[in-house]
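Below is one structure, written out as structure tokens, with a few remarks after it.
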Amino acid sequence: MTATRSPQQHPDGPPPVPEAARAVFGDALDDAVRYVTRLAHDGVTKGLIGPREVPRLWERHVLNSAAVAEAVPAGARVVDVGSGAGLPGIPLGLARPDLSLSLVEPMARRVEFLEEAVAELGRPWRVVRGRAEDRSVVSAVGPVDVVTARAVAALPRLVAWCRSLLRPNVQLVALVGARTVAELPGMLPELEAAGMRDVHPRAVGASLGAAATTVVVMTRGAR
């Protein structure tokens with residue numbers, strides 16, 4: 001016997017909302033659902049999200065990104081570089097409405113997706129087309145407290161790209177995988193030579209089950 005779907009359930013629609021999302025997003029949960037729905041549809045058709053990722057959008061992408069909030073100070077001015085489909089920037093912004101957020105992305109189709117998503121969510125976030133190292137980007141985003149990134153590049157390369165944004169005392173919070181954590185000790189001399197201090201991994205999202213992850217946090221030194 002073939003299972004039937006309710007009329008409201010799209011065969012390629014977003015996955016159901018996990019209970020953890022209610023605690024993470026609170027009053028912004030409806031907006032988080034809108035964003036996941038956009039990822040499941042426009043994100044796939046525009047090639048920003050692979051179709052096989054749709055069933056695990058919440059745990060692997062959205063909650064995973066929102067967990068970064070634990071490493072970001074209150075009221076910070078955040079720039080998400082190489083934002084792509086808005087990860088981790090948009091989930092971070094939804095989870096932390098106290099943050100000022102800019103989404104930086106060089107590719108036109110991704111910028112279009114970001115602009116549409118921000119407009120739909122009605123948020124005051126800026127979408128800036130360009131690369132982190134571009135003077136026009138540095139001018140557009142203004143003063144920065146925290147730079148975030150997810151799977152953009154190896155950490156030394158990421159630091160080099162973001163150097164103009166990473167003024168003294170600015171933090172870089174990079175969402176990374178287990179391999180990067182394992183390789184971090186070998187990267188320390190290069191990162192420190194680039195002016196980064198207090199480089200360390202930090203586990204975040206412990207209460208989120210499969211969405212728990214690790215970030216590497218570092219701070220640009222005074223010189």
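Letters A, B, ... mark the chains of the structure tokens in the order given; residue numbers begin at 1 per chain; ligand numbers begin at 1, in order shown.
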Run DSSP on the backbone and grab whatever in segment 102-148 of chain A lands in helix (DSSP H, G or I); send it over as a ChimeraX atom specification. /A:108-121,135-141
Taking the backbone alone, and naming residues the way the document does, which bits of segment 45-202 of chain A are strand (DSSP E or B) by DSSP, as a ChimeraX atom specification? /A:77-81,100-105,126-129,146-150,171-176,196-202
7 Å contact set for segment 93-102 of chain A, only C-alpha atoms, chain neighbours under 5 positions out, as a ChimeraX atom specification: /A:24-25,28,32,66,69,74-80,125-127,141
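Between Ala212 of chain A and the candidates A:Ser139, A:Asn169, A:Ser65, A:Ser164, the tightest atom-to-atom separation, counting only C-alpha atoms, involves A:Ser65.
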Need the shell around Ala203 of chain A: protein/DNA/RNA residues with any atom at most 12 Å away, counting only C-alpha atoms. Skip same-chain ones fewer than 2 positions apart. Format as a VMD selection string? chain A and resid 64 67 to 71 173 to 178 181 200 to 201 205 to 208 211 to 217
Could you take the residues named above and write them with N, CA and C atoms, as a PDB file, in the first residue's frame?
ATOM      1  N   ASN A  64      23.229  24.069  13.560  1.00  0.00           N
ATOM      2  CA  ASN A  64      24.689  24.015  13.592  1.00  0.00           C
ATOM      3  C   ASN A  64      25.277  25.424  13.509  1.00  0.00           C
ATOM      4  N   ALA A  67      24.491  27.657  16.651  1.00  0.00           N
ATOM      5  CA  ALA A  67      25.319  27.334  17.815  1.00  0.00           C
ATOM      6  C   ALA A  67      26.502  28.280  17.953  1.00  0.00           C
ATOM      7  N   VAL A  68      26.912  28.897  16.851  1.00  0.00           N
ATOM      8  CA  VAL A  68      28.019  29.851  16.869  1.00  0.00           C
ATOM      9  C   VAL A  68      27.715  31.008  17.828  1.00  0.00           C
ATOM     10  N   ALA A  69      26.446  31.266  18.078  1.00  0.00           N
ATOM     11  CA  ALA A  69      26.039  32.373  18.950  1.00  0.00           C
ATOM     12  C   ALA A  69      26.708  32.303  20.313  1.00  0.00           C
ATOM     13  N   GLU A  70      27.021  31.106  20.775  1.00  0.00           N
ATOM     14  CA  GLU A  70      27.634  30.958  22.093  1.00  0.00           C
ATOM     15  C   GLU A  70      29.012  31.611  22.162  1.00  0.00           C
ATOM     16  N   ALA A  71      29.649  31.793  21.020  1.00  0.00           N
ATOM     17  CA  ALA A  71      31.009  32.341  20.987  1.00  0.00           C
ATOM     18  C   ALA A  71      31.047  33.808  20.595  1.00  0.00           C
ATOM     19  N   VAL A 173      35.641  34.018  14.356  1.00  0.00           N
ATOM     20  CA  VAL A 173      34.980  32.807  14.843  1.00  0.00           C
ATOM     21  C   VAL A 173      34.656  31.955  13.627  1.00  0.00           C
ATOM     22  N   ALA A 174      35.401  30.877  13.453  1.00  0.00           N
ATOM     23  CA  ALA A 174      35.256  30.027  12.268  1.00  0.00           C
ATOM     24  C   ALA A 174      34.643  28.692  12.652  1.00  0.00           C
ATOM     25  N   LEU A 175      33.549  28.355  11.994  1.00  0.00           N
ATOM     26  CA  LEU A 175      32.898  27.074  12.204  1.00  0.00           C
ATOM     27  C   LEU A 175      33.674  26.021  11.414  1.00  0.00           C
ATOM     28  N   VAL A 176      34.209  25.018  12.096  1.00  0.00           N
ATOM     29  CA  VAL A 176      35.150  24.090  11.464  1.00  0.00           C
ATOM     30  C   VAL A 176      34.752  22.637  11.730  1.00  0.00           C
ATOM     31  N   GLY A 177      35.402  21.744  10.996  1.00  0.00           N
ATOM     32  CA  GLY A 177      35.204  20.315  11.190  1.00  0.00           C
ATOM     33  C   GLY A 177      36.294  19.713  12.053  1.00  0.00           C
ATOM     34  N   ALA A 178      36.145  18.413  12.314  1.00  0.00           N
ATOM     35  CA  ALA A 178      37.088  17.715  13.186  1.00  0.00           C
ATOM     36  C   ALA A 178      38.502  17.727  12.622  1.00  0.00           C
ATOM     37  N   VAL A 181      40.262  20.958  13.531  1.00  0.00           N
ATOM     38  CA  VAL A 181      40.623  20.960  14.951  1.00  0.00           C
ATOM     39  C   VAL A 181      41.886  20.131  15.174  1.00  0.00           C
ATOM     40  N   HIS A 200      42.098  29.163  19.786  1.00  0.00           N
ATOM     41  CA  HIS A 200      41.664  27.954  20.489  1.00  0.00           C
ATOM     42  C   HIS A 200      40.343  27.436  19.923  1.00  0.00           C
ATOM     43  N   PRO A 201      40.153  26.107  19.977  1.00  0.00           N
ATOM     44  CA  PRO A 201      38.864  25.541  19.595  1.00  0.00           C
ATOM     45  C   PRO A 201      37.879  25.671  20.756  1.00  0.00           C
ATOM     46  N   GLY A 205      26.977  24.451  21.234  1.00  0.00           N
ATOM     47  CA  GLY A 205      25.747  23.732  20.930  1.00  0.00           C
ATOM     48  C   GLY A 205      25.640  22.373  21.571  1.00  0.00           C
ATOM     49  N   ALA A 206      26.231  22.195  22.747  1.00  0.00           N
ATOM     50  CA  ALA A 206      26.213  20.882  23.396  1.00  0.00           C
ATOM     51  C   ALA A 206      24.794  20.372  23.642  1.00  0.00           C
ATOM     52  N   SER A 207      23.854  21.290  23.835  1.00  0.00           N
ATOM     53  CA  SER A 207      22.470  20.886  24.112  1.00  0.00           C
ATOM     54  C   SER A 207      21.679  20.560  22.845  1.00  0.00           C
ATOM     55  N   LEU A 208      22.326  20.695  21.678  1.00  0.00           N
ATOM     56  CA  LEU A 208      21.613  20.544  20.406  1.00  0.00           C
ATOM     57  C   LEU A 208      21.789  19.170  19.775  1.00  0.00           C
ATOM     58  N   ALA A 211      23.442  18.603  16.223  1.00  0.00           N
ATOM     59  CA  ALA A 211      23.824  19.921  15.699  1.00  0.00           C
ATOM     60  C   ALA A 211      25.001  20.532  16.452  1.00  0.00           C
ATOM     61  N   ALA A 212      25.469  19.888  17.507  1.00  0.00           N
ATOM     62  CA  ALA A 212      26.633  20.387  18.232  1.00  0.00           C
ATOM     63  C   ALA A 212      27.831  20.451  17.292  1.00  0.00           C
ATOM     64  N   THR A 213      28.683  21.437  17.507  1.00  0.00           N
ATOM     65  CA  THR A 213      29.799  21.617  16.594  1.00  0.00           C
ATOM     66  C   THR A 213      30.966  22.262  17.329  1.00  0.00           C
ATOM     67  N   THR A 214      31.985  22.635  16.580  1.00  0.00           N
ATOM     68  CA  THR A 214      33.169  23.280  17.136  1.00  0.00           C
ATOM     69  C   THR A 214      33.499  24.511  16.322  1.00  0.00           C
ATOM     70  N   VAL A 215      33.884  25.565  16.991  1.00  0.00           N
ATOM     71  CA  VAL A 215      34.406  26.751  16.324  1.00  0.00           C
ATOM     72  C   VAL A 215      35.845  26.959  16.767  1.00  0.00           C
ATOM     73  N   VAL A 216      36.619  27.593  15.909  1.00  0.00           N
ATOM     74  CA  VAL A 216      37.934  28.063  16.316  1.00  0.00           C
ATOM     75  C   VAL A 216      37.836  29.562  16.489  1.00  0.00           C
ATOM     76  N   VAL A 217      38.222  30.032  17.671  1.00  0.00           N
ATOM     77  CA  VAL A 217      38.140  31.445  18.007  1.00  0.00           C
ATOM     78  C   VAL A 217      39.554  32.001  18.111  1.00  0.00           C
TER      79      VAL A 217
END
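Among the candidates A:Val62, A:Ile90, A:Val137, A:Leu158, the one nearest to Arg123 of chain A when counting only C-alpha atoms is A:Ile90.
Proximity to Leu87 of chain A at 8 Å, evaluated using only C-alpha atoms and with sequence-adjacent residues fewer than 2 positions away removed, yields His61, Val62, Ser65, Ser83, Gly84, Ala85, Gly89, Ile90, Pro91, Ala149 and Arg150 of chain A.
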I'd like the neighbourhood of Glu120 of chain A as a PyMOL selection string, where a residue qualifies if any of its atoms comes within 12 Å (using only C-alpha atoms), though same-chain residues fewer than 6 positions away should be ignored. chain A and resi 30-35+37-38+113-114
Mind writing the picked residues with N, CA, C and O atoms as a PDB file, in the first residue's frame?
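Output file selection_15.pdb follows:
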ATOM      1  N   ASP A  30       9.344  31.305  13.704  1.00  0.00           N
ATOM      2  CA  ASP A  30       8.622  31.364  12.429  1.00  0.00           C
ATOM      3  C   ASP A  30       9.535  31.848  11.303  1.00  0.00           C
ATOM      4  O   ASP A  30       9.463  31.361  10.172  1.00  0.00           O
ATOM      5  N   ASP A  31      10.396  32.815  11.627  1.00  0.00           N
ATOM      6  CA  ASP A  31      11.337  33.288  10.614  1.00  0.00           C
ATOM      7  C   ASP A  31      12.363  32.216  10.272  1.00  0.00           C
ATOM      8  O   ASP A  31      12.777  32.090   9.113  1.00  0.00           O
ATOM      9  N   ALA A  32      12.789  31.455  11.266  1.00  0.00           N
ATOM     10  CA  ALA A  32      13.721  30.361  11.002  1.00  0.00           C
ATOM     11  C   ALA A  32      13.085  29.321  10.081  1.00  0.00           C
ATOM     12  O   ALA A  32      13.740  28.782   9.180  1.00  0.00           O
ATOM     13  N   VAL A  33      11.792  29.058  10.286  1.00  0.00           N
ATOM     14  CA  VAL A  33      11.077  28.113   9.419  1.00  0.00           C
ATOM     15  C   VAL A  33      10.996  28.664   7.994  1.00  0.00           C
ATOM     16  O   VAL A  33      11.186  27.929   7.017  1.00  0.00           O
ATOM     17  N   ARG A  34      10.737  29.962   7.849  1.00  0.00           N
ATOM     18  CA  ARG A  34      10.706  30.578   6.521  1.00  0.00           C
ATOM     19  C   ARG A  34      12.058  30.443   5.826  1.00  0.00           C
ATOM     20  O   ARG A  34      12.131  30.153   4.627  1.00  0.00           O
ATOM     21  N   TYR A  35      13.105  30.644   6.577  1.00  0.00           N
ATOM     22  CA  TYR A  35      14.452  30.538   6.005  1.00  0.00           C
ATOM     23  C   TYR A  35      14.758  29.104   5.583  1.00  0.00           C
ATOM     24  O   TYR A  35      15.282  28.878   4.478  1.00  0.00           O
ATOM     25  N   THR A  37      12.623  26.861   4.733  1.00  0.00           N
ATOM     26  CA  THR A  37      11.788  26.600   3.559  1.00  0.00           C
ATOM     27  C   THR A  37      12.431  27.182   2.306  1.00  0.00           C
ATOM     28  O   THR A  37      12.449  26.551   1.238  1.00  0.00           O
ATOM     29  N   ARG A  38      12.976  28.381   2.412  1.00  0.00           N
ATOM     30  CA  ARG A  38      13.656  28.993   1.273  1.00  0.00           C
ATOM     31  C   ARG A  38      14.892  28.178   0.886  1.00  0.00           C
ATOM     32  O   ARG A  38      15.175  27.978  -0.297  1.00  0.00           O
ATOM     33  N   PHE A 113      20.112  35.512  -3.655  1.00  0.00           N
ATOM     34  CA  PHE A 113      19.427  34.676  -2.663  1.00  0.00           C
ATOM     35  C   PHE A 113      19.425  35.359  -1.298  1.00  0.00           C
ATOM     36  O   PHE A 113      18.392  35.410  -0.615  1.00  0.00           O
ATOM     37  N   LEU A 114      20.566  35.877  -0.891  1.00  0.00           N
ATOM     38  CA  LEU A 114      20.672  36.536   0.409  1.00  0.00           C
ATOM     39  C   LEU A 114      19.766  37.758   0.489  1.00  0.00           C
ATOM     40  O   LEU A 114      19.079  37.967   1.501  1.00  0.00           O
TER      41      LEU A 114
END
Enter the distance from atom CA of Gly86 of chain A to atom CA of Leu172 of chain A, in Å, rounded to one decimal. 17.0 Å
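The interatomic distance for the pair atom CA of Leu191 of chain A and atom CA of Val159 of chain A works out to 7.6 Å.
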